[in-house]
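Undergrad: Let me begin by handing over the structure; questions about it come next.
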Amino acid sequence: MTSRTERILIIDADETARTNLAHYLEARGFYVSGFADVVSAEAVFVEGIPDVIFVDLPPDTIRELANRLEEAESFTPIVCCSAGRTSADVVAALRAGASDFLLKPCKGDKAALDDVIEKLFDRVRVNRLNQLYRQELEEANRDLRNGIAELRADQRAGRKVQLKMLPDREQDIVGLHVEHLIKPSLYLSGDFLDYFQITEDQVLVYIADVSGHGASSAFVTVLLKNLTNRLQRNLRRGSSDDILYPQRFLERINSELLDTGLGKHVTVFVGLISLSKRTLTYAVGAHFPMPILSFEGGTTAFLEGSGLPVGLFESPEWEVYETPLDKPFHLILFSDGILEVIRARGLDDKEKTLLELVSGGRHTIASLNEALNLDEITELPDDIAIVSVTDTLNTSDSPSSTE
């Protein structure tokens, strides 16, 4: 018969019975070891736990052997091969941990012995497969945990880079007090914002929301920061004044996004505040909601304007809007994630609530944060970005006021 890989251990003090059973099993192709007692069989366990164990042992010894196999997390079945013929003998052996019971001489009833062996090795094969699958699953889980840990470490590092790209949380720039808040829904944010002085009396401020979430969206925010830095350098060198024109600023973002081939688009609001002319010149790249402009002692309203998203079309055009800033003002910019946390039914009601907050005096980041309970929300459905611009030359408000 063809040799098999299964190892069978026989523990029986009856040498004749042990030898006869061993010869029969060896003739079936199994690798067999036989010993008179458990102590002398220790060498077999050192080499590795066998696949099946035939024993003629007292119930207490069977129980000790079964416990040992259980501690080793082995599925090796124990077959009691005994001369005891009463039901009490069978029950005692099975209760002690035996998987099956055969009457001696085991070789005498070949059909019963073959049937037991077949059933045992079917179970052994199933147990081996289960053990293999469990090991593979444990390894896969371990690899997955390691991969997740590495991913989180990378995301934390990426988050630090994003935070360093942002402007100072609060700045006083040529008569304006500007502050911001970004709360990402994940480690990395697809929202981005920036503000800086570009001439003696002009300040540029923009807010952008990249499509999607995660690392690819965060990469686009790096592109935006790199672009604004280059445009500022170009203005200082006199090689390009694109940054002075909101529509050309959007055109440059559009061109660079298409060149990346990432398939990402951005909604953007970019505004240029001139303190000498007292105007806000801006362009809109499908950004929503529109910023809110609030005049001290006067009106509070969303800015008018619309335009195509940035990064989708080859040669788009954006309209330029201009609104006077003839009174002390507050300009508040939001990403659309702000609408997700406002408890109102429809979009119109959400916008109305946002407008009421600002018109009621919620002009600062701290006051908006408090009114919307942003610090209490642990899981945001979307990234949130807010920029607040306060006219400190003409307004009576203090920049640090929580209103």
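Each chain of the structure tokens is named A, B, ... in the order shown, its residues numbered from 1; ligands are numbered from 1 in display order.
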Give me the residues near A:Ile273 as a count of residues only, where near means some atom within 9 Å (using only C-alpha atoms) and where sequence neighbours in that chain fewer than 5 positions away do not count.

TA: 11

Undergrad: Taking only C-alpha atoms into account, produce a table as a Markdown table in which each residue of stretch 263-309 of chain A with an atom at most 10 Å from an atom of stretch 215-230 of chain A appears once, together with its shortest atom pair and the distance in Å to one decimal, ordered by chain and rising number.

TA:
```
| residue | atom | partner | partner_atom | distance |
| --- | --- | --- | --- | --- |
| A:Gly263 | CA | A:Ser216 | CA | 9.7 |
| A:Lys264 | CA | A:Ser217 | CA | 7.4 |
| A:His265 | CA | A:Val220 | CA | 9.0 |
| A:Val266 | CA | A:Val220 | CA | 8.7 |
```

Undergrad: Hey, what's within 6 Å of stretch 84-93 of chain A if we count only C-alpha atoms and toss same-chain stuff fewer than 3 positions away? As a PyMOL selection string, please?

TA: chain A and resi 59+96+98

Undergrad: If we count only C-alpha atoms and set the cut-off at 7 Å, which residues sit around A:Ile243, ignoring sequence neighbours fewer than 2 positions away in its own chain? Please answer as an MDAnalysis selection string.

TA: chainID A and resid 231:232 241 245:246 249

Undergrad: Give the strand (DSSP E or B) residues of stretch 118-241 of chain A, as assigned by DSSP on the backbone, as a VMD selection string.

TA: chain A and resid 170 to 173 176 to 183 191 to 197 202 to 210

Undergrad: Nearest residue to A:Ile342 out of A:Phe196, A:Pro328, A:Ile384, A:Gly307, using only C-alpha atoms?

TA: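 Using only C-alpha atoms, the shortest distance to A:Ile342 belongs to A:Ile384.
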
Undergrad: I'd like to know which of A:Pro167, A:Pro316, A:Gly97, A:Gly298 is closest to A:Thr61, using only C-alpha atoms.

TA: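 Smallest separation from A:Thr61 among the options: A:Gly97.
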
Undergrad: Residues of stretch 8-47 of chain A in alpha helix (DSSP H) according to DSSP, as a PyMOL selection string?

TA: chain A and resi 15-27+42-47

Undergrad: Create the file for the chosen residues now, containing N, CA and C atoms and written as a PDB file, in the first residue's frame.

TA:
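Below is the file out-v3.pdb, written as the result:
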```
ATOM      1  N   GLU A  15       1.849  -6.554  24.781  1.00  0.00           N
ATOM      2  CA  GLU A  15       2.762  -6.480  23.644  1.00  0.00           C
ATOM      3  C   GLU A  15       2.180  -7.151  22.405  1.00  0.00           C
ATOM      4  N   THR A  16       1.505  -8.301  22.591  1.00  0.00           N
ATOM      5  CA  THR A  16       0.949  -9.019  21.439  1.00  0.00           C
ATOM      6  C   THR A  16      -0.122  -8.184  20.738  1.00  0.00           C
ATOM      7  N   ALA A  17      -1.036  -7.635  21.540  1.00  0.00           N
ATOM      8  CA  ALA A  17      -2.103  -6.806  20.973  1.00  0.00           C
ATOM      9  C   ALA A  17      -1.514  -5.570  20.291  1.00  0.00           C
ATOM     10  N   ARG A  18      -0.499  -4.979  20.952  1.00  0.00           N
ATOM     11  CA  ARG A  18       0.136  -3.768  20.405  1.00  0.00           C
ATOM     12  C   ARG A  18       0.815  -4.075  19.067  1.00  0.00           C
ATOM     13  N   THR A  19       1.539  -5.210  19.037  1.00  0.00           N
ATOM     14  CA  THR A  19       2.277  -5.581  17.816  1.00  0.00           C
ATOM     15  C   THR A  19       1.320  -5.915  16.678  1.00  0.00           C
ATOM     16  N   ASN A  20       0.272  -6.683  16.970  1.00  0.00           N
ATOM     17  CA  ASN A  20      -0.695  -7.049  15.927  1.00  0.00           C
ATOM     18  C   ASN A  20      -1.368  -5.816  15.315  1.00  0.00           C
ATOM     19  N   LEU A  21      -1.770  -4.868  16.191  1.00  0.00           N
ATOM     20  CA  LEU A  21      -2.419  -3.650  15.691  1.00  0.00           C
ATOM     21  C   LEU A  21      -1.431  -2.815  14.873  1.00  0.00           C
ATOM     22  N   ALA A  22      -0.181  -2.767  15.345  1.00  0.00           N
ATOM     23  CA  ALA A  22       0.839  -1.986  14.630  1.00  0.00           C
ATOM     24  C   ALA A  22       1.074  -2.558  13.240  1.00  0.00           C
ATOM     25  N   HIS A  23       1.166  -3.907  13.145  1.00  0.00           N
ATOM     26  CA  HIS A  23       1.386  -4.543  11.844  1.00  0.00           C
ATOM     27  C   HIS A  23       0.230  -4.248  10.873  1.00  0.00           C
ATOM     28  N   TYR A  24      -0.973  -4.301  11.412  1.00  0.00           N
ATOM     29  CA  TYR A  24      -2.123  -4.051  10.542  1.00  0.00           C
ATOM     30  C   TYR A  24      -2.114  -2.594  10.019  1.00  0.00           C
ATOM     31  N   LEU A  25      -1.818  -1.652  10.917  1.00  0.00           N
ATOM     32  CA  LEU A  25      -1.814  -0.240  10.516  1.00  0.00           C
ATOM     33  C   LEU A  25      -0.653   0.074   9.575  1.00  0.00           C
ATOM     34  N   GLU A  26       0.484  -0.546   9.830  1.00  0.00           N
ATOM     35  CA  GLU A  26       1.629  -0.346   8.937  1.00  0.00           C
ATOM     36  C   GLU A  26       1.328  -0.882   7.546  1.00  0.00           C
ATOM     37  N   ALA A  27       0.598  -2.019   7.507  1.00  0.00           N
ATOM     38  CA  ALA A  27       0.214  -2.576   6.213  1.00  0.00           C
ATOM     39  C   ALA A  27      -0.733  -1.640   5.465  1.00  0.00           C
ATOM     40  N   GLU A  42       7.052   9.134  25.644  1.00  0.00           N
ATOM     41  CA  GLU A  42       7.391  10.564  25.671  1.00  0.00           C
ATOM     42  C   GLU A  42       8.202  10.989  24.458  1.00  0.00           C
ATOM     43  N   ALA A  43       9.083  10.085  23.980  1.00  0.00           N
ATOM     44  CA  ALA A  43       9.951  10.443  22.854  1.00  0.00           C
ATOM     45  C   ALA A  43       9.137  10.815  21.622  1.00  0.00           C
ATOM     46  N   VAL A  44       8.002  10.151  21.452  1.00  0.00           N
ATOM     47  CA  VAL A  44       7.143  10.448  20.296  1.00  0.00           C
ATOM     48  C   VAL A  44       6.587  11.874  20.397  1.00  0.00           C
ATOM     49  N   PHE A  45       6.201  12.278  21.596  1.00  0.00           N
ATOM     50  CA  PHE A  45       5.645  13.622  21.783  1.00  0.00           C
ATOM     51  C   PHE A  45       6.707  14.704  21.578  1.00  0.00           C
ATOM     52  N   VAL A  46       7.952  14.368  21.880  1.00  0.00           N
ATOM     53  CA  VAL A  46       9.043  15.320  21.642  1.00  0.00           C
ATOM     54  C   VAL A  46       9.180  15.602  20.151  1.00  0.00           C
ATOM     55  N   GLU A  47       9.053  14.548  19.339  1.00  0.00           N
ATOM     56  CA  GLU A  47       9.158  14.719  17.887  1.00  0.00           C
ATOM     57  C   GLU A  47       7.961  15.463  17.314  1.00  0.00           C
TER      58      GLU A  47
END
```

Undergrad: Select, from A:Ala36, A:Leu354, A:Leu380, A:Leu94, the residue with the minimum atom-to-atom distance to A:Arg63, counting only C-alpha atoms.

TA: A:Leu94
